[in-house]
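S.K.: Sharing a structure here in structure tokens format.
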Amino acid sequence: MSVQTVPTVKATEPNEHGYRSFSLGELTFSRDEYFVYIKWPTGRHVMSVDGFLRALQRDVAWEFFYGIVNFDGVIGTVNHYGTVDLFAGRYNDAFRKAELDHVENFETAVIKATFKAMLDDWTNAAFDPFASPHETGGAFGPKNGDNRAAINRRRVAARRMVGVPGDEALRSDAAGFPINRQFLDVPQEEPEIIAEPGFEGEVCAFNLFAYLSRSNVTWNPSVVSACKNSLFCPTTEEYILPVIHGNDRVEWFVQLSDEIYWSVEDRDTGAVRARVIMKPGDVAAMPADIRHQGYAAKRAMLLVWENASPELPGLIASGKAPTNAIDF
Ligand code: PHB
Ligand code: FE
């Protein structure tokens, strides 16, 4: 028999703006109408609440993702796949040199429960942290309702491929996924499948561009096909990736439409390493020792190709696998 304990969330009563404050170890989080305030024993930090909630939403929905999720240049999490570090200033050269940075490690279930409770309490009825700024109301102001349908969206994760019977379904108007305003020109025809006799039930195909044209979220890679640890995670992008991702493995990008500007920095210090402008058809392999943040002026389709092997972070950290995909 296994006993499941629900992790306790440490929260205060609502403040004068209607929002609770939360604590994890020695870190505290509070919000008012515009800002989030984070305090730890050697420092404090402030973020705009809209950007904070967009980052928090992704960290929660992605189960702390691969490697590091920086909410900005100061606050973030490191995924150790079972436990998670919550840090302040740890990947910021100035905080490190002044010895004002702070790191605490939590069981994944504990930090997840607190992050979920904070996202729930601080997201007002009008705000959808996954939507593009053009397609959501504001995050600001005093506490005003909640938006549980938006923050608890089910994550698409195909076991084999979208469209395979029993797996993730195609999107349609009827299923509540209209074509996005910026993808109205994307053809919607599905491929015709002509299978050899005897293989009719074993061949499957779908129109990925049509599928993506009906995405109602931004900067949210979802698994549309899986071959062992090789995951195709396309996504539609508009405005700014709300996190600065510090990867623990190489990650491939294939630009499927439009244009994305990437700012690439050293993962540990934040020093600028590259600016990359990706146009349709461009392919990039992001090294495992960088962090990156994307900017899309118009909604764009991006294929993120992940190798989800659990052995990779250890192989790279110990130098047995390289941090870059290719040597020229
Ligand atoms: C990434 O960190 O590589 C990333 C995250 C979310 C996206 C695209 C790329 O939507
Ligand atoms: Fe990344």
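Convention: chains lettered A, B, ... in structure tokens order; per-chain residue numbering from 1; ligands numbered from 1 as shown.
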Could you give me the residues within 7 Å of ligand 2, counting only C-alpha atoms and all ligand atoms, as a list in words?

M.R.: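 For ligand 2, the residues inside 7 Å are His245, Gly246, Asn247, Glu251 and His292 of chain A.
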
S.K.: Store the residues of this selection in a file with N, CA, C and O atoms, as a PDB file, in the first residue's frame.

M.R.:
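Produced file result-v2.pdb, reproduced below:
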```
ATOM      1  N   HIS A 245      15.569  30.051 -21.563  1.00  0.00           N
ATOM      2  CA  HIS A 245      15.798  28.629 -21.333  1.00  0.00           C
ATOM      3  C   HIS A 245      17.286  28.285 -21.350  1.00  0.00           C
ATOM      4  O   HIS A 245      17.957  28.510 -22.352  1.00  0.00           O
ATOM      5  N   GLY A 246      17.784  27.736 -20.232  1.00  0.00           N
ATOM      6  CA  GLY A 246      19.163  27.248 -20.150  1.00  0.00           C
ATOM      7  C   GLY A 246      19.136  25.735 -20.256  1.00  0.00           C
ATOM      8  O   GLY A 246      18.782  25.047 -19.304  1.00  0.00           O
ATOM      9  N   ASN A 247      19.491  25.212 -21.407  1.00  0.00           N
ATOM     10  CA  ASN A 247      19.273  23.792 -21.667  1.00  0.00           C
ATOM     11  C   ASN A 247      20.341  22.908 -21.029  1.00  0.00           C
ATOM     12  O   ASN A 247      21.453  23.351 -20.766  1.00  0.00           O
ATOM     13  N   GLU A 251      19.506  21.184 -28.501  1.00  0.00           N
ATOM     14  CA  GLU A 251      18.100  21.285 -28.905  1.00  0.00           C
ATOM     15  C   GLU A 251      18.088  21.835 -30.335  1.00  0.00           C
ATOM     16  O   GLU A 251      18.758  22.820 -30.626  1.00  0.00           O
ATOM     17  N   HIS A 292      18.669  30.754 -24.036  1.00  0.00           N
ATOM     18  CA  HIS A 292      18.139  31.493 -25.185  1.00  0.00           C
ATOM     19  C   HIS A 292      16.729  32.002 -24.913  1.00  0.00           C
ATOM     20  O   HIS A 292      15.985  31.443 -24.109  1.00  0.00           O
TER      21      HIS A 292
END
```

S.K.: Throw together the list of residues within 6 Å of ligand 1, counting only C-alpha atoms and all ligand atoms, and drop it here as an mmCIF file with N, CA, C and O atoms, in the first residue's frame.

M.R.:
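See out-v5.cif below for the written result:
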```cif
data_model
loop_
_atom_site.group_PDB
_atom_site.id
_atom_site.type_symbol
_atom_site.label_atom_id
_atom_site.label_comp_id
_atom_site.auth_asym_id
_atom_site.auth_seq_id
_atom_site.Cartn_x
_atom_site.Cartn_y
_atom_site.Cartn_z
ATOM 1 N N TRP A 219 4.290 29.955 -27.461
ATOM 2 C CA TRP A 219 5.485 29.529 -26.726
ATOM 3 C C TRP A 219 5.148 28.351 -25.812
ATOM 4 O O TRP A 219 5.331 28.415 -24.607
ATOM 5 N N ASN A 220 4.617 27.280 -26.420
ATOM 6 C CA ASN A 220 4.236 26.106 -25.642
ATOM 7 C C ASN A 220 4.439 24.860 -26.489
ATOM 8 O O ASN A 220 3.486 24.325 -27.057
ATOM 9 N N PRO A 221 5.696 24.376 -26.588
ATOM 10 C CA PRO A 221 5.949 23.194 -27.420
ATOM 11 C C PRO A 221 5.132 22.005 -26.917
ATOM 12 O O PRO A 221 5.046 21.774 -25.716
ATOM 13 N N THR A 235 5.433 24.395 -32.073
ATOM 14 C CA THR A 235 4.769 25.416 -31.272
ATOM 15 C C THR A 235 4.538 26.650 -32.122
ATOM 16 O O THR A 235 5.206 26.832 -33.138
ATOM 17 N N HIS A 245 15.569 30.051 -21.563
ATOM 18 C CA HIS A 245 15.798 28.629 -21.333
ATOM 19 C C HIS A 245 17.286 28.285 -21.350
ATOM 20 O O HIS A 245 17.957 28.510 -22.352
#
```

S.K.: Please report, as CSV, each residue of segment 197-302 of chain A lying at most 9 Å from segment 186-189 of chain A, together with the nearest pair of atoms and the separation in Å rounded to one decimal; use only C-alpha atoms, and order rows by chain and ascending residue number.

M.R.:
```
residue,atom,partner,partner_atom,distance
A:Asn207,CA,A:Glu189,CA,7.2
A:Phe209,CA,A:Val186,CA,6.9
A:Ala210,CA,A:Gln188,CA,5.1
A:Tyr211,CA,A:Gln188,CA,8.4
A:Ser213,CA,A:Val186,CA,6.8
```

S.K.: Using only C-alpha atoms, which residue out of A:Ala271, A:Ile75, A:Ala61, A:Ala195 lies closest to Asp93 of chain A?

M.R.: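 Ranking A:Ala271, A:Ile75, A:Ala61, A:Ala195 by distance to Asp93 of chain A, first place goes to A:Ala271.
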
S.K.: Select, from A:Glu107, A:Thr269, A:Asn79, A:Tyr295, the residue with the minimum atom-to-atom distance to Phe95 of chain A, counting only C-alpha atoms.

M.R.: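 Closest to Phe95 of chain A of all the choices is A:Thr269.
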
S.K.: DSSP says alpha helix (DSSP H) for which residues of segment 119-309 of chain A? Put them as number ranges by chain?

M.R.: A: 119-122, 148-151, 208-213

S.K.: Among segment 9-203 of chain A, which residues does DSSP mark as strand (DSSP E or B) when it is run on the backbone? Keep the chain and numbering as in the structure and answer as a PyMOL selection string.

M.R.: chain A and resi 10-11+22-24+27-31+35-40+43-48+68-70+75-79+83-88+102-107+157+161

S.K.: Store the residues picked out above, limited to N, CA and C atoms, as a compact mmCIF listing (two decimals), in the first residue's frame.

M.R.:
```txt
# COMPACT_ATOMS: atom_id res chain seq x y z
N LYS A 10 2.66 26.86 1.79
CA LYS A 10 2.71 27.91 2.82
C LYS A 10 2.25 29.23 2.21
N ALA A 11 1.07 29.68 2.64
CA ALA A 11 0.50 30.91 2.09
C ALA A 11 -0.12 31.74 3.20
N PHE A 22 3.30 33.74 -0.74
CA PHE A 22 3.70 32.33 -0.67
C PHE A 22 5.16 32.24 -0.25
N SER A 23 5.51 31.16 0.45
CA SER A 23 6.92 30.97 0.77
C SER A 23 7.36 29.55 0.48
N LEU A 24 8.60 29.44 0.03
CA LEU A 24 9.26 28.16 -0.25
C LEU A 24 10.62 28.25 0.41
N LEU A 27 12.62 31.64 0.66
CA LEU A 27 12.18 32.61 -0.36
C LEU A 27 10.71 32.94 -0.16
N THR A 28 10.36 34.22 -0.33
CA THR A 28 8.94 34.60 -0.27
C THR A 28 8.55 35.32 -1.55
N PHE A 29 7.29 35.12 -1.94
CA PHE A 29 6.73 35.72 -3.15
C PHE A 29 5.46 36.46 -2.78
N SER A 30 5.33 37.74 -3.19
CA SER A 30 4.07 38.45 -2.99
C SER A 30 3.78 39.31 -4.21
N ARG A 31 2.51 39.68 -4.41
CA ARG A 31 2.16 40.52 -5.55
C ARG A 31 1.24 41.64 -5.12
N PHE A 35 3.14 44.38 -9.68
CA PHE A 35 4.45 43.73 -9.54
C PHE A 35 4.43 42.50 -8.64
N VAL A 36 5.46 41.66 -8.85
CA VAL A 36 5.75 40.53 -7.97
C VAL A 36 7.04 40.86 -7.23
N TYR A 37 7.06 40.62 -5.93
CA TYR A 37 8.24 40.90 -5.09
C TYR A 37 8.77 39.57 -4.56
N ILE A 38 10.05 39.32 -4.79
CA ILE A 38 10.67 38.07 -4.33
C ILE A 38 11.77 38.45 -3.35
N LYS A 39 11.78 37.80 -2.19
CA LYS A 39 12.81 38.10 -1.17
C LYS A 39 13.49 36.81 -0.75
N TRP A 40 14.78 36.91 -0.49
CA TRP A 40 15.56 35.80 0.08
C TRP A 40 16.54 36.42 1.07
N GLY A 43 18.88 39.13 -0.45
CA GLY A 43 18.48 40.05 -1.52
C GLY A 43 17.00 40.09 -1.77
N ARG A 44 16.63 40.92 -2.72
CA ARG A 44 15.24 41.05 -3.11
C ARG A 44 15.18 41.41 -4.59
N HIS A 45 14.00 41.16 -5.20
CA HIS A 45 13.88 41.35 -6.64
C HIS A 45 12.44 41.71 -6.95
N VAL A 46 12.22 42.40 -8.06
CA VAL A 46 10.87 42.76 -8.47
C VAL A 46 10.70 42.43 -9.95
N MET A 47 9.52 41.91 -10.32
CA MET A 47 9.20 41.62 -11.73
C MET A 47 7.80 42.13 -12.03
N SER A 48 7.55 42.48 -13.30
CA SER A 48 6.19 42.81 -13.73
C SER A 48 5.34 41.55 -13.65
N ILE A 68 17.38 24.49 -17.11
CA ILE A 68 17.08 25.73 -16.36
C ILE A 68 15.96 26.52 -17.02
N VAL A 69 15.01 26.97 -16.21
CA VAL A 69 13.99 27.92 -16.65
C VAL A 69 14.25 29.22 -15.90
N ASN A 70 14.84 30.21 -16.59
CA ASN A 70 15.04 31.53 -15.99
C ASN A 70 13.79 32.36 -16.23
N ILE A 75 15.73 35.27 -11.31
CA ILE A 75 14.95 34.20 -10.67
C ILE A 75 14.76 33.02 -11.62
N GLY A 76 14.75 31.80 -11.09
CA GLY A 76 14.44 30.67 -11.95
C GLY A 76 14.55 29.33 -11.24
N THR A 77 14.44 28.25 -12.03
CA THR A 77 14.48 26.89 -11.50
C THR A 77 15.44 26.03 -12.31
N VAL A 78 16.02 25.03 -11.65
CA VAL A 78 16.83 24.00 -12.33
C VAL A 78 16.16 22.66 -12.09
N ASN A 79 15.88 21.94 -13.15
CA ASN A 79 15.22 20.65 -13.02
C ASN A 79 16.25 19.54 -12.81
N THR A 83 13.84 16.36 -8.08
CA THR A 83 13.92 17.56 -7.24
C THR A 83 14.16 18.75 -8.16
N VAL A 84 13.91 19.92 -7.62
CA VAL A 84 14.07 21.16 -8.40
C VAL A 84 14.79 22.20 -7.54
N ASP A 85 15.81 22.87 -8.10
CA ASP A 85 16.41 24.03 -7.42
C ASP A 85 15.58 25.26 -7.73
N LEU A 86 15.30 26.05 -6.72
CA LEU A 86 14.74 27.39 -6.91
C LEU A 86 15.88 28.35 -6.59
N PHE A 87 16.20 29.25 -7.52
CA PHE A 87 17.37 30.11 -7.29
C PHE A 87 17.05 31.59 -7.50
N ALA A 88 17.90 32.42 -6.88
CA ALA A 88 17.88 33.87 -7.08
C ALA A 88 19.31 34.30 -7.32
N HIS A 102 21.29 32.87 -4.13
CA HIS A 102 20.64 31.95 -3.19
C HIS A 102 20.05 30.78 -3.97
N VAL A 103 20.24 29.55 -3.49
CA VAL A 103 19.67 28.36 -4.13
C VAL A 103 19.08 27.46 -3.05
N GLU A 104 17.88 26.95 -3.30
CA GLU A 104 17.31 25.93 -2.41
C GLU A 104 16.71 24.81 -3.26
N ASN A 105 16.87 23.59 -2.78
CA ASN A 105 16.38 22.42 -3.50
C ASN A 105 15.11 21.89 -2.84
N PHE A 106 14.11 21.56 -3.69
CA PHE A 106 12.83 21.05 -3.19
C PHE A 106 12.44 19.78 -3.93
N GLU A 107 11.70 18.91 -3.24
CA GLU A 107 11.04 17.81 -3.96
C GLU A 107 10.15 18.44 -5.03
N ALA A 157 0.46 15.65 -25.63
CA ALA A 157 1.65 14.80 -25.59
C ALA A 157 1.32 13.49 -26.31
N MET A 161 1.76 9.61 -32.52
CA MET A 161 1.62 10.77 -33.41
C MET A 161 0.19 11.28 -33.34
```

S.K.: Could you please determine the separation between atom CA of Cys227 of chain A and atom CA of Pro242 of chain A in Å, to one decimal place?

M.R.: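 Value for the atom CA of Cys227 of chain A-atom CA of Pro242 of chain A distance: 28.4 Å.
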
S.K.: By how many Å are atom CA of Ala126 of chain A and atom CA of Arg20 of chain A apart?

M.R.: 18.6 Å

S.K.: Can you pull out the residues contacting Ser172 of chain A? Cut-off 9 Å, using only C-alpha atoms, and skip same-chain residues under 5 positions away; I want them as a list of chain:residue names.

M.R.: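 Non-adjacent residues within range: A:Phe177, A:Pro178, A:Ile179, A:Tyr211, A:Arg214.
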
S.K.: Of the candidates A:Glu202, A:Glu63, A:Asp282, A:Glu237, which one gets nearest to Ser132 of chain A if we count only C-alpha atoms?

M.R.: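 Closest to Ser132 of chain A of all the choices is A:Glu237.
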
S.K.: So which residues touch segment 135-137 of chain A within 12 Å, counting only C-alpha atoms, skipping near sequence neighbours fewer than 4 positions away, as a list in words?

M.R.: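 Those residues are Asp50, Arg54, Thr123, Asn124, Ala125, Ala126, Phe127, Asp128, Pro129, Phe130, Ala131, Gly141, Asn147, Ala150, Asn180, Arg181, Gln182, Asn216, Val217, Thr218, Glu238, Tyr239 and Arg299 of chain A.
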
S.K.: What's the 7 Å shell around Ile277 of chain A, counting only C-alpha atoms, without same-chain residues fewer than 5 positions away, as a VMD selection string?

M.R.: chain A and resid 260 to 262

S.K.: Between A:Ile111, A:Leu100, A:Leu302, A:Cys233, which is the closest to Phe64 of chain A once you count only C-alpha atoms?

M.R.: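 Among the listed residues, the smallest separation from Phe64 of chain A belongs to A:Ile111.
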
S.K.: If we count only C-alpha atoms and set the cut-off at 9 Å, which residues sit around Pro7 of chain A, ignoring sequence neighbours fewer than 3 positions away in its own chain? Please answer as a list in words.

M.R.: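 Close residues of Pro7 of chain A: Ala109, Val110, Ile111, Ala113 and Thr114 of chain A.
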
S.K.: Taking into account only C-alpha atoms, which residue in the set A:Ser230, A:Asn144, A:Ser225, A:Ser21 is nearest to Ala205 of chain A?

M.R.: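 Using only C-alpha atoms, Ala205 of chain A sits closest to A:Ser225.
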
S.K.: Which of these, A:Gly198, A:Gly51, A:Pro322, A:Gly67, has the shortest distance to Arg267 of chain A once you count only C-alpha atoms?

M.R.: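 Once distances to Arg267 of chain A are computed over only C-alpha atoms, the minimum belongs to A:Gly67.
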